[in-house]
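Listing of start.txt, compact mmCIF, C-alpha atoms
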```
# COMPACT_ATOMS: atom_id res chain seq x y z
CA MET A 1 -47.76 30.34 -25.65
CA THR A 2 -50.26 27.91 -24.19
CA VAL A 3 -49.42 24.47 -22.82
CA GLN A 4 -51.36 22.97 -25.75
CA GLU A 5 -49.25 24.91 -28.24
CA ILE A 6 -46.05 23.72 -26.56
CA ALA A 7 -47.27 20.11 -26.62
CA SER A 8 -48.06 20.41 -30.35
CA ALA A 9 -44.87 22.26 -31.29
CA LEU A 10 -42.60 19.78 -29.47
CA SER A 11 -44.75 16.71 -30.32
CA LEU A 12 -45.15 15.84 -26.65
CA GLU A 13 -47.54 13.18 -25.36
CA VAL A 14 -50.17 14.60 -23.00
CA PHE A 15 -49.97 12.15 -20.10
CA ALA A 16 -52.20 13.99 -17.65
CA GLY A 17 -54.09 17.24 -17.11
CA ALA A 18 -55.65 17.29 -20.60
CA ASP A 19 -58.37 19.66 -19.30
CA HIS A 20 -55.86 22.32 -18.33
CA LEU A 21 -53.88 22.88 -21.51
CA SER A 22 -55.00 26.45 -22.09
CA SER A 23 -52.75 28.01 -19.42
CA SER A 24 -50.32 30.56 -20.76
CA VAL A 25 -46.55 29.96 -20.33
CA THR A 26 -43.84 32.59 -20.51
CA GLU A 27 -41.07 31.22 -18.28
CA GLY A 28 -39.45 27.88 -17.55
CA TYR A 29 -37.27 26.14 -14.97
CA ALA A 30 -35.13 23.02 -15.33
CA SER A 31 -33.88 21.01 -12.34
CA ASP A 32 -34.12 17.50 -10.95
CA LEU A 33 -33.69 18.63 -7.34
CA LEU A 34 -37.06 19.47 -5.79
CA SER A 35 -35.68 22.05 -3.32
CA CYS A 36 -34.20 24.04 -6.21
CA VAL A 37 -37.53 24.07 -7.99
CA LEU A 38 -39.29 25.22 -4.81
CA ALA A 39 -36.84 28.09 -4.55
CA GLY A 40 -36.55 29.02 -8.22
CA ALA A 41 -39.62 28.19 -10.31
CA SER A 42 -42.10 31.06 -10.64
CA ASP A 43 -45.90 30.86 -10.68
CA GLY A 44 -47.20 29.59 -14.03
CA SER A 45 -43.83 28.47 -15.38
CA VAL A 46 -43.07 25.16 -17.13
CA TRP A 47 -40.87 22.69 -15.21
CA VAL A 48 -38.56 20.43 -17.22
CA THR A 49 -37.24 17.39 -15.35
CA LEU A 50 -36.49 13.70 -15.62
CA GLN A 51 -38.14 13.06 -12.25
CA ALA A 52 -41.34 11.14 -12.89
CA HIS A 53 -42.78 10.41 -9.45
CA VAL A 54 -45.83 11.57 -7.56
CA ASN A 55 -43.96 14.24 -5.55
CA VAL A 56 -43.37 16.10 -8.82
CA VAL A 57 -47.14 16.68 -8.94
CA ALA A 58 -47.18 17.87 -5.32
CA VAL A 59 -44.45 20.43 -6.01
CA ALA A 60 -46.05 21.58 -9.29
CA ALA A 61 -49.43 22.07 -7.55
CA LEU A 62 -47.84 23.88 -4.61
CA LEU A 63 -46.13 26.37 -6.94
CA ASN A 64 -49.10 26.73 -9.37
CA LEU A 65 -46.90 25.67 -12.30
CA SER A 66 -48.53 25.61 -15.72
CA CYS A 67 -47.14 22.17 -16.64
CA VAL A 68 -44.36 19.63 -16.16
CA ILE A 69 -42.37 18.16 -19.06
CA VAL A 70 -40.84 14.78 -18.10
CA THR A 71 -37.79 14.03 -20.23
CA GLU A 72 -35.48 11.12 -21.16
CA GLY A 73 -38.43 8.92 -22.14
CA ARG A 74 -39.39 8.41 -18.51
CA ARG A 75 -42.96 7.42 -17.82
CA PRO A 76 -44.74 8.31 -14.56
CA ASN A 77 -46.96 5.63 -13.02
CA GLN A 78 -50.73 5.56 -12.74
CA GLU A 79 -50.76 7.02 -9.21
CA CYS A 80 -48.95 10.02 -10.59
CA GLN A 81 -51.41 10.33 -13.48
CA VAL A 82 -54.43 10.22 -11.16
CA LYS A 83 -52.97 12.84 -8.82
CA ALA A 84 -52.00 15.10 -11.73
CA ASN A 85 -55.52 14.91 -13.15
CA GLU A 86 -57.04 15.62 -9.73
CA ASN A 87 -54.85 18.65 -9.26
CA GLY A 88 -55.16 19.91 -12.83
CA ILE A 89 -51.42 19.68 -13.55
CA PRO A 90 -50.60 18.85 -17.19
CA ILE A 91 -47.77 16.34 -17.56
CA LEU A 92 -46.17 16.18 -21.01
CA LEU A 93 -43.71 13.45 -21.99
CA SER A 94 -40.59 13.76 -24.14
CA ASN A 95 -38.07 11.16 -25.29
CA GLU A 96 -35.42 13.86 -25.60
CA SER A 97 -32.94 14.99 -22.98
CA THR A 98 -33.69 17.91 -20.66
CA PHE A 99 -31.10 20.02 -22.51
CA THR A 100 -32.80 19.41 -25.87
CA VAL A 101 -36.28 20.19 -24.54
CA VAL A 102 -35.08 23.40 -22.91
CA SER A 103 -33.42 24.52 -26.15
CA GLN A 104 -36.68 23.83 -28.00
CA LEU A 105 -38.63 25.88 -25.45
CA VAL A 106 -36.16 28.76 -25.80
CA GLN A 107 -36.75 28.71 -29.56
CA LEU A 108 -40.47 29.11 -28.80
CA GLY A 109 -39.69 32.25 -26.82
CA ILE A 110 -39.83 30.85 -23.29
CA GLY A 111 -37.14 32.28 -21.03
CA GLY A 112 -35.74 31.38 -17.63
CA CYS A 113 -37.61 32.40 -14.47
CA LYS A 114 -36.54 35.78 -13.14
CA MET B 1 -57.06 22.16 -6.83
CA LYS B 2 -55.37 25.06 -8.51
CA ALA B 3 -55.90 28.58 -7.31
CA MET B 4 -58.64 30.55 -9.04
CA PRO B 5 -57.90 30.51 -12.79
CA THR B 6 -57.98 33.69 -14.88
CA ASP B 7 -61.31 34.28 -16.61
CA ILE B 8 -59.89 34.13 -20.13
CA THR B 9 -58.37 30.66 -19.89
CA ARG B 10 -61.34 29.36 -17.89
CA ALA B 11 -63.60 30.45 -20.77
CA GLN B 12 -61.45 28.45 -23.15
CA GLU B 13 -61.73 25.39 -20.90
CA LEU B 14 -65.50 25.81 -20.62
CA VAL B 15 -65.90 25.80 -24.41
CA TYR B 16 -64.62 22.21 -24.26
CA GLU B 17 -66.53 21.23 -21.10
CA LEU B 18 -69.99 22.70 -21.69
CA LYS B 19 -72.67 20.84 -23.61
CA ILE B 20 -74.93 22.57 -26.11
CA GLU B 21 -78.01 21.85 -23.99
CA GLN B 22 -76.49 23.99 -21.21
CA VAL B 23 -76.32 27.14 -23.35
CA MET B 24 -78.94 26.82 -26.12
CA THR B 25 -82.23 28.73 -26.27
CA ARG B 26 -85.14 26.33 -25.75
CA GLU B 27 -88.07 28.58 -26.73
CA VAL B 28 -87.50 28.51 -30.47
CA ILE B 29 -89.25 30.93 -32.80
CA THR B 30 -90.23 29.03 -35.93
CA ILE B 31 -92.23 29.55 -39.14
CA ALA B 32 -94.40 27.21 -41.21
CA PRO B 33 -93.44 26.46 -44.82
CA ASP B 34 -96.75 27.78 -46.15
CA SER B 35 -96.23 31.25 -44.60
CA SER B 36 -95.29 34.05 -46.95
CA MET B 37 -91.96 35.89 -47.15
CA GLY B 38 -93.92 38.93 -45.97
CA ASP B 39 -94.86 37.02 -42.81
CA LEU B 40 -91.19 36.11 -42.39
CA LYS B 41 -90.23 39.79 -42.67
CA GLU B 42 -92.58 40.69 -39.82
CA LEU B 43 -91.40 37.76 -37.69
CA LEU B 44 -87.74 38.72 -38.07
CA ARG B 45 -88.49 42.41 -37.48
CA VAL B 46 -90.64 41.98 -34.37
CA ASN B 47 -88.27 39.46 -32.74
CA ARG B 48 -85.08 41.20 -33.93
CA ILE B 49 -83.51 37.99 -35.20
CA GLY B 50 -81.71 37.04 -38.39
CA GLY B 51 -83.27 33.71 -39.27
CA VAL B 52 -85.64 30.96 -38.13
CA PRO B 53 -86.04 27.20 -38.50
CA VAL B 54 -88.94 26.08 -40.69
CA VAL B 55 -91.16 23.52 -39.00
CA GLU B 56 -94.01 21.48 -40.51
CA ASP B 57 -96.16 19.20 -38.30
CA GLY B 58 -93.54 19.32 -35.60
CA ALA B 59 -90.69 18.27 -37.91
CA LEU B 60 -87.74 20.44 -38.89
CA VAL B 61 -87.86 20.85 -42.69
CA GLY B 62 -85.56 23.77 -43.41
CA ILE B 63 -84.07 27.06 -42.35
CA ILE B 64 -84.77 30.54 -43.72
CA THR B 65 -82.74 33.67 -43.06
CA MET B 66 -82.47 37.41 -43.62
CA GLU B 67 -80.33 36.68 -46.68
CA ASN B 68 -83.17 34.66 -48.28
CA LEU B 69 -85.56 37.52 -47.44
CA ILE B 70 -83.39 40.20 -48.99
CA LYS B 71 -83.03 38.17 -52.20
CA ALA B 72 -86.84 37.78 -52.33
CA MET B 73 -87.36 41.50 -51.75
CA GLU B 74 -84.89 42.36 -54.55
CA THR B 75 -86.93 40.32 -57.00
CA GLY B 76 -90.26 41.56 -55.64
CA GLU B 77 -91.26 38.16 -54.29
CA LEU B 78 -92.66 39.07 -50.88
CA SER B 79 -95.75 37.01 -51.57
CA ALA B 80 -93.68 33.88 -52.31
CA ILE B 81 -93.98 31.13 -49.71
CA VAL B 82 -91.25 30.22 -47.25
CA GLY B 83 -91.26 26.58 -48.37
CA ASP B 84 -90.01 27.61 -51.85
CA LYS B 85 -87.25 29.91 -50.64
CA MET B 86 -85.87 28.06 -47.59
CA THR B 87 -82.60 26.10 -47.37
CA THR B 88 -83.32 22.41 -46.95
CA LYS B 89 -79.76 21.12 -46.63
CA LEU B 90 -79.48 21.53 -42.88
CA GLN B 91 -76.58 21.55 -40.46
CA THR B 92 -77.91 20.57 -37.04
CA MET B 93 -76.45 19.80 -33.61
CA ARG B 94 -77.43 17.36 -30.87
CA ALA B 95 -78.17 18.62 -27.35
CA ASN B 96 -75.32 16.67 -25.75
CA ASP B 97 -72.70 17.68 -28.30
CA SER B 98 -69.90 19.78 -26.86
CA VAL B 99 -69.97 23.54 -27.46
CA ILE B 100 -66.60 23.29 -29.19
CA ALA B 101 -68.25 21.40 -32.07
CA ALA B 102 -70.61 24.33 -32.63
CA VAL B 103 -67.77 26.86 -32.35
CA SER B 104 -65.93 25.00 -35.12
CA LEU B 105 -68.97 25.13 -37.40
CA PHE B 106 -69.62 28.80 -36.70
CA GLY B 107 -66.01 29.53 -37.49
CA GLN B 108 -65.79 27.37 -40.58
CA PHE B 109 -69.08 28.17 -42.30
CA GLY B 110 -70.21 31.45 -40.80
CA TYR B 111 -73.67 30.17 -39.87
CA GLY B 112 -75.75 32.61 -37.86
CA ARG B 113 -77.56 29.90 -35.94
CA LEU B 114 -77.67 26.13 -35.56
CA PRO B 115 -80.89 24.19 -34.88
CA VAL B 116 -80.54 21.59 -32.12
CA VAL B 117 -82.41 18.33 -32.65
CA ASP B 118 -83.15 15.12 -30.75
CA GLY B 119 -82.73 11.54 -31.95
CA GLU B 120 -85.89 11.68 -34.07
CA GLY B 121 -85.02 14.95 -35.78
CA GLY B 122 -87.39 16.95 -33.58
CA LEU B 123 -86.39 20.53 -32.81
CA VAL B 124 -85.37 20.98 -29.15
CA GLY B 125 -83.55 24.28 -29.27
CA ILE B 126 -81.50 26.76 -31.22
CA LEU B 127 -77.93 27.93 -30.72
CA THR B 128 -76.33 31.21 -31.77
CA PRO B 129 -72.83 32.55 -31.06
CA SER B 130 -74.28 34.96 -28.50
CA ASP B 131 -75.95 32.04 -26.68
CA ILE B 132 -72.47 30.54 -26.30
CA VAL B 133 -70.99 33.80 -24.99
CA ARG B 134 -73.88 34.26 -22.57
CA GLY B 135 -73.57 30.67 -21.34
CA LEU B 136 -69.81 31.01 -20.77
CA LEU B 137 -70.21 34.25 -18.83
CA ARG B 138 -72.97 32.76 -16.71
CA GLN B 139 -70.90 29.67 -15.88
CA ILE B 140 -67.83 31.75 -15.03
CA GLU B 141 -69.94 33.91 -12.76
CA VAL B 142 -71.44 30.88 -11.00
CA GLU B 143 -67.99 29.39 -10.37
CA TRP B 144 -66.57 32.71 -9.28
CA HIS B 145 -69.42 33.07 -6.83
CA ALA B 146 -68.95 29.58 -5.41
CA GLU B 147 -65.29 30.27 -4.61
CA GLU B 148 -66.09 33.82 -3.48
CA ILE B 149 -68.66 32.45 -1.01
CA ARG B 150 -66.08 30.03 0.42
CA ARG B 151 -63.56 32.83 0.74
CA TYR B 152 -66.14 35.17 2.28
CA ARG B 153 -67.09 32.58 4.88
CA ALA B 154 -63.46 31.79 5.69
CA ARG B 155 -62.29 35.40 5.77
CA HIS B 156 -64.97 36.42 8.26
CA ILE B 157 -64.06 33.82 10.87
CA PHE B 158 -61.73 36.29 12.53
CA GLU B 159 -64.27 39.13 12.42
CA ASP B 160 -67.31 37.19 13.58
CA ILE B 161 -65.71 35.43 16.54
CA GLU B 162 -64.73 37.64 19.46
CA SER B 163 -61.83 37.03 21.77
CA ASP B 164 -58.70 38.76 22.99
CA GLN B 165 -56.78 36.72 20.46
CA THR B 166 -58.32 34.42 17.83
CA GLY B 167 -56.26 31.82 16.08
CA LEU B 168 -57.09 28.93 13.76
CA ILE B 169 -55.07 25.78 14.48
CA LEU B 170 -54.62 23.14 11.78
CA ARG B 171 -52.90 19.85 12.67
CA TYR B 172 -51.69 17.23 10.24
CA ARG B 173 -50.15 13.87 11.08
CA VAL B 174 -47.20 12.91 8.88
CA LYS B 175 -46.13 9.29 8.52
CA ALA B 176 -42.49 8.34 8.06
CA HIS B 177 -41.49 7.39 4.50
CA ASP B 178 -45.02 8.02 3.17
CA PHE B 179 -43.87 9.57 -0.13
CA SER B 180 -47.22 9.24 -1.89
CA ARG B 181 -48.89 11.44 0.69
CA GLY B 182 -45.90 13.68 1.22
CA GLY B 183 -46.95 17.27 0.59
CA GLU B 184 -50.62 16.83 1.52
CA ALA B 185 -50.38 18.84 4.72
CA SER B 186 -48.69 21.79 3.01
CA ALA B 187 -51.20 21.64 0.12
CA LYS B 188 -54.06 21.88 2.64
CA ILE B 189 -52.40 24.70 4.55
CA LYS B 190 -51.95 26.53 1.25
CA ARG B 191 -55.64 26.15 0.37
CA ALA B 192 -56.69 27.28 3.85
CA LEU B 193 -54.62 30.44 3.53
CA GLU B 194 -56.00 31.14 0.04
CA ARG B 195 -59.56 30.82 1.33
CA LEU B 196 -58.77 33.09 4.27
CA GLY B 197 -57.66 35.74 1.80
CA ALA B 198 -53.93 35.82 2.54
CA HIS B 199 -51.69 37.61 0.02
CA PRO B 200 -50.41 35.18 -2.70
CA ARG B 201 -46.78 35.97 -1.82
CA ILE B 202 -47.29 35.01 1.81
CA VAL B 203 -49.20 31.91 0.73
CA ARG B 204 -46.28 30.79 -1.42
CA ARG B 205 -43.67 31.39 1.29
CA VAL B 206 -45.69 29.48 3.91
CA ALA B 207 -46.52 26.67 1.47
CA VAL B 208 -42.91 26.17 0.36
CA ALA B 209 -41.55 26.25 3.94
CA ALA B 210 -44.30 23.87 5.12
CA TYR B 211 -43.52 21.49 2.25
CA GLU B 212 -39.80 21.37 3.04
CA ALA B 213 -40.60 20.80 6.74
CA GLU B 214 -43.15 18.13 5.88
CA MET B 215 -40.77 16.25 3.57
CA ASN B 216 -38.09 16.39 6.30
CA LEU B 217 -40.55 14.49 8.52
CA VAL B 218 -41.26 11.98 5.73
CA ILE B 219 -37.62 11.42 4.81
CA HIS B 220 -35.75 11.66 8.12
CA SER B 221 -38.12 11.15 11.04
CA HIS B 222 -39.99 8.27 12.66
CA GLY B 223 -43.19 10.23 12.03
CA GLY B 224 -44.54 13.50 13.41
CA GLU B 225 -46.94 16.37 13.05
CA ILE B 226 -47.26 19.69 11.22
CA ILE B 227 -49.19 22.35 13.12
CA ALA B 228 -50.20 25.64 11.51
CA GLU B 229 -51.58 28.38 13.73
CA ILE B 230 -53.18 31.19 11.78
CA CYS B 231 -53.83 34.51 13.48
CA PRO B 232 -54.78 37.83 11.90
CA GLU B 233 -51.29 39.25 12.31
CA ARG B 234 -49.04 36.17 11.94
CA ILE B 235 -48.84 32.52 10.93
CA GLU B 236 -46.84 29.97 12.94
CA VAL B 237 -45.84 26.64 11.43
CA THR B 238 -44.39 23.96 13.70
CA ALA B 239 -42.98 20.59 12.62
CA VAL B 240 -42.41 18.17 15.46
CA ASP B 241 -41.32 14.52 15.50
CA ARG B 242 -40.59 11.64 17.88
CA GLY B 243 -37.09 10.91 16.63
CA PRO B 244 -34.41 10.03 15.74
CA GLY B 245 -33.19 13.56 16.45
CA ILE B 246 -30.43 15.52 14.74
CA ALA B 247 -26.91 14.76 16.00
CA ASP B 248 -25.29 17.98 14.73
CA VAL B 249 -27.79 20.83 14.30
CA GLU B 250 -25.10 23.26 13.07
CA LYS B 251 -24.13 20.89 10.26
CA ALA B 252 -27.76 20.22 9.39
CA LEU B 253 -28.27 23.93 8.81
CA GLU B 254 -25.34 24.11 6.37
CA PRO B 255 -26.42 24.59 2.74
CA GLY B 256 -25.79 21.43 0.74
CA TYR B 257 -25.40 19.11 3.74
CA SER B 258 -27.79 16.15 3.76
CA THR B 259 -28.06 12.78 5.48
CA ALA B 260 -30.62 11.51 2.99
CA ALA B 261 -30.11 7.95 1.70
CA ALA B 262 -29.11 7.39 -1.92
CA TRP B 263 -32.54 6.15 -3.00
CA VAL B 264 -34.13 9.32 -1.60
CA ARG B 265 -31.64 11.51 -3.47
CA GLU B 266 -32.52 9.72 -6.70
CA LEU B 267 -36.06 11.05 -6.30
CA GLY B 268 -34.67 14.56 -6.26
CA PHE B 269 -34.74 15.09 -2.51
CA GLY B 270 -31.74 15.49 -0.25
CA ALA B 271 -30.21 18.52 -1.95
CA GLY B 272 -29.35 19.71 1.54
CA MET B 273 -31.09 23.05 0.98
CA GLY B 274 -34.20 22.42 3.07
CA PHE B 275 -33.35 24.51 6.13
CA THR B 276 -31.66 27.19 4.00
CA ASP B 277 -34.79 27.58 1.88
CA ILE B 278 -37.05 27.50 4.94
CA ARG B 279 -35.02 30.27 6.54
CA ALA B 280 -35.34 32.31 3.33
CA CYS B 281 -39.13 31.91 3.41
CA ALA B 282 -39.88 32.43 7.09
CA ASP B 283 -39.42 35.59 9.13
CA GLN B 284 -38.17 33.58 12.10
CA MET B 285 -36.89 30.03 12.42
CA LYS B 286 -36.00 28.03 15.54
CA LEU B 287 -34.62 24.47 15.42
CA ASN B 288 -34.24 22.29 18.51
CA SER B 289 -33.31 18.64 18.53
CA GLU B 290 -32.16 15.87 20.85
CA VAL B 291 -30.94 12.49 19.66
CA GLY B 292 -33.23 9.69 20.82
CA VAL B 293 -36.02 12.16 21.67
CA GLY B 294 -37.04 14.15 18.62
CA THR B 295 -36.87 17.42 16.72
CA ARG B 296 -38.92 20.62 16.86
CA LEU B 297 -38.88 23.23 14.09
CA GLU B 298 -40.75 26.48 14.72
CA LEU B 299 -41.41 29.02 11.98
CA CYS B 300 -43.07 32.41 12.14
CA PHE B 301 -44.46 34.45 9.26
CA SER B 302 -45.51 38.00 9.97
CA LEU B 303 -48.62 39.31 8.21
CA ARG B 304 -48.27 42.95 9.18
```

Written as structure tokens, how would this file's structure read?
Amino acid sequence: MTVQEIASALSLEVFAGADHLSSSVTEGYASDLLSCVLAGASDGSVWVTLQAHVNVVAVAALLNLSCVIVTEGRRPNQECQVKANENGIPILLSNESTFTVVSQLVQLGIGGCK
Amino acid sequence: MKAMPTDITRAQELVYELKIEQVMTREVITIAPDSSMGDLKELLRVNRIGGVPVVEDGALVGIITMENLIKAMETGELSAIVGDKMTTKLQTMRANDSVIAAVSLFGQFGYGRLPVVDGEGGLVGILTPSDIVRGLLRQIEVEWHAEEIRRYRARHIFEDIESDQTGLILRYRVKAHDFSRGGEASAKIKRALERLGAHPRIVRRVAVAAYEAEMNLVIHSHGGEIIAEICPERIEVTAVDRGPGIADVEKALEPGYSTAAAWVRELGFGAGMGFTDIRACADQMKLNSEVGVGTRLELCFSLR
């Protein structure tokens, strides 16, 4: 599945990184604690979180994640958008809870990081 | 910037980024409307193409293809003129249209070629599916070479400079509570290691450990420095600050223990796993601290 296909299937708004939606995604990780993500999210996975600040972009870029889905209707600020575009990190927005988004991703065949 | 993307997904991105003028053929083979179908046959045969635009007095008036020729040959009309047999309802592209527009048309209608015109309808080029493929491959190769050249230059630092021991030292100042720039030092260390050709697994371990160390400086210290020393057989990362110092080092090393303020925890920091994760990434870790003086964290990653 590509990031673009996920965005379409889950009707997510593409908030940043629109030029990098063709990355392929097979695994996902959900956590709002950055240390956990650093330890547990694999290269190229999708990160689902309600955190919407600029350090989310830094972590996603450090781990080469394919995209970040920000949940609970939270909206990152412009600084975050600029940094995400600079680093080529797609940020998709959902009004749903993290649990709902993860269950939707599982239905699309995306599993947890090994 | 992300690490080098795979060629397949980069090609997909390029289809959206490239403009038609970057991939089209500019020397267009054309035919005049008063030429015969026999002339067309020779033109297609000699140039090994499937169709040509029809141009009269410099203006694009139609397009004629192999299919038109075969129909004419079936009815014995080789002496008929091109102007009578050509297609006049033309699909054209503009030079600064995106390649994706052409890909859509090729896919939808099965055209073999698309004439490219300027604002006045003058022919400036022609575009076929193989032009697109060739353009994509060329662009991918150019980009691959640019990054390869950077990596070549970086990788050979250790070979070209002679000493008993050569090391590259990178220093980054970290300001206290500067959350918008938090992570910059570790991102730069990561890119340096990628360019020097370090194994991706080592790069990740160093980057993650450096990030945790850097955020410790941002969250807990009065400001400090991250120093990365890169040698052929090991990488040392040191995080040093001017205070406040850690009162109980043993407790600080406990998984889950954190002194981070509530507002910091709301950002997702302060899980209390920093030192635990750093220890899992590094081959060696040494933590020294004195209240009122500062803290020094030394990490070592072996490359052999």

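In terms of minimum interatomic distance to chain A, B:Ala187 ranks closest within B:Val15, B:Ala176, B:Ala187, B:Val61, counting all atoms listed in the file.
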
Residues of chain B within 10 Å of chain A, only C-alpha atoms counted, as an MDAnalysis selection string = chainID B and resid 1:3 5:6 8:14 16:17 179:184 186:188 190:191 203:205 207:209 211:212 215 265:274 276:278 280:281

message = Between A:Leu108, A:Gly73, A:Gln81, A:Leu92, which residue has the minimum interatomic distance to Trp47 of chain A, considering only C-alpha atoms?
response =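 For Trp47 of chain A, the nearest of the given residues is A:Leu92.
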
message = For Arg48 of chain B, find every residue with an atom within 12 Å (counting all atoms listed in the file), except residues of its own chain fewer than 6 positions away, and show them as a PyMOL selection string.
response = chain B and resi 29+40-42+66

Using all atoms listed in the file, list the residues that have an atom at most 10 Å from (-35.9, 14.7, -25.6), coordinates as in the file, as a short mmCIF file (atom, residue, chain, number, x, y, z; two decimals) with C-alpha atoms, keeping the file's coordinate frame.
```
data_model
loop_
_atom_site.label_atom_id
_atom_site.label_comp_id
_atom_site.auth_asym_id
_atom_site.auth_seq_id
_atom_site.Cartn_x
_atom_site.Cartn_y
_atom_site.Cartn_z
CA LEU A 10 -42.60 19.78 -29.47
CA LEU A 12 -45.15 15.84 -26.65
CA ILE A 69 -42.37 18.16 -19.06
CA VAL A 70 -40.84 14.78 -18.10
CA THR A 71 -37.79 14.03 -20.23
CA GLU A 72 -35.48 11.12 -21.16
CA GLY A 73 -38.43 8.92 -22.14
CA LEU A 93 -43.71 13.45 -21.99
CA SER A 94 -40.59 13.76 -24.14
CA ASN A 95 -38.07 11.16 -25.29
CA GLU A 96 -35.42 13.86 -25.60
CA SER A 97 -32.94 14.99 -22.98
CA THR A 98 -33.69 17.91 -20.66
CA PHE A 99 -31.10 20.02 -22.51
CA THR A 100 -32.80 19.41 -25.87
CA VAL A 101 -36.28 20.19 -24.54
CA VAL A 102 -35.08 23.40 -22.91
CA GLN A 104 -36.68 23.83 -28.00
#
```

request  = Within 10 Å of Thr88 of chain B, counting all atoms listed in the file, which residues show up once you throw out same-chain ones fewer than 2 positions away? Write them as a ChimeraX atom specification, please.
outcome  = /B:54,60-64,83-86,90-91

Write a file of the selected residues as an mmCIF file, keeping the file's coordinate frame, keeping C-alpha atoms.
```
data_model
loop_
_atom_site.group_PDB
_atom_site.id
_atom_site.type_symbol
_atom_site.label_atom_id
_atom_site.label_comp_id
_atom_site.auth_asym_id
_atom_site.auth_seq_id
_atom_site.Cartn_x
_atom_site.Cartn_y
_atom_site.Cartn_z
ATOM 1 C CA VAL B 54 -88.940 26.080 -40.690
ATOM 2 C CA LEU B 60 -87.740 20.440 -38.890
ATOM 3 C CA VAL B 61 -87.860 20.850 -42.690
ATOM 4 C CA GLY B 62 -85.560 23.770 -43.410
ATOM 5 C CA ILE B 63 -84.070 27.060 -42.350
ATOM 6 C CA ILE B 64 -84.770 30.540 -43.720
ATOM 7 C CA GLY B 83 -91.260 26.580 -48.370
ATOM 8 C CA ASP B 84 -90.010 27.610 -51.850
ATOM 9 C CA LYS B 85 -87.250 29.910 -50.640
ATOM 10 C CA MET B 86 -85.870 28.060 -47.590
ATOM 11 C CA LEU B 90 -79.480 21.530 -42.880
ATOM 12 C CA GLN B 91 -76.580 21.550 -40.460
#
```

inquiry  = I want to know what sits within 6 Å of Val46 of chain A, based on only C-alpha atoms, with residues of the same chain fewer than 4 positions away left out; could you give that as a ChimeraX atom specification?
reply    = /A:28,66-68

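Atom pair atom CA of Val55 of chain B / atom CA of Ala80 of chain B has a distance of 17.1 Å (rounded to one decimal).
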
request  = Just give me the gap between atom CA of Gly58 of chain B and atom CA of Gln22 of chain B in Å, one decimal is fine.
outcome  = 22.8 Å

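Using only C-alpha atoms, the shortest contact distance between Val106 of chain A and any of A:Ser8, A:Phe15, A:Tyr29, A:Arg75 is found at A:Tyr29.
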
request  = May I ask for the distance between atom CA of Ala59 of chain B and atom CA of Val23 of chain B, given in Å to one decimal place?
outcome  = 22.3 Å

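Of the residues under consideration (A:Val25, A:Val82, A:Ala7, A:Cys113), A:Cys113 shows the shortest atom-to-atom contact distance to Ala41 of chain A when counting only C-alpha atoms.
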
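Counting all atoms listed in the file and comparing A:Ser11, A:Pro90, A:Met1, A:Glu27, the residue that lies closest to Ile110 of chain A is A:Glu27.
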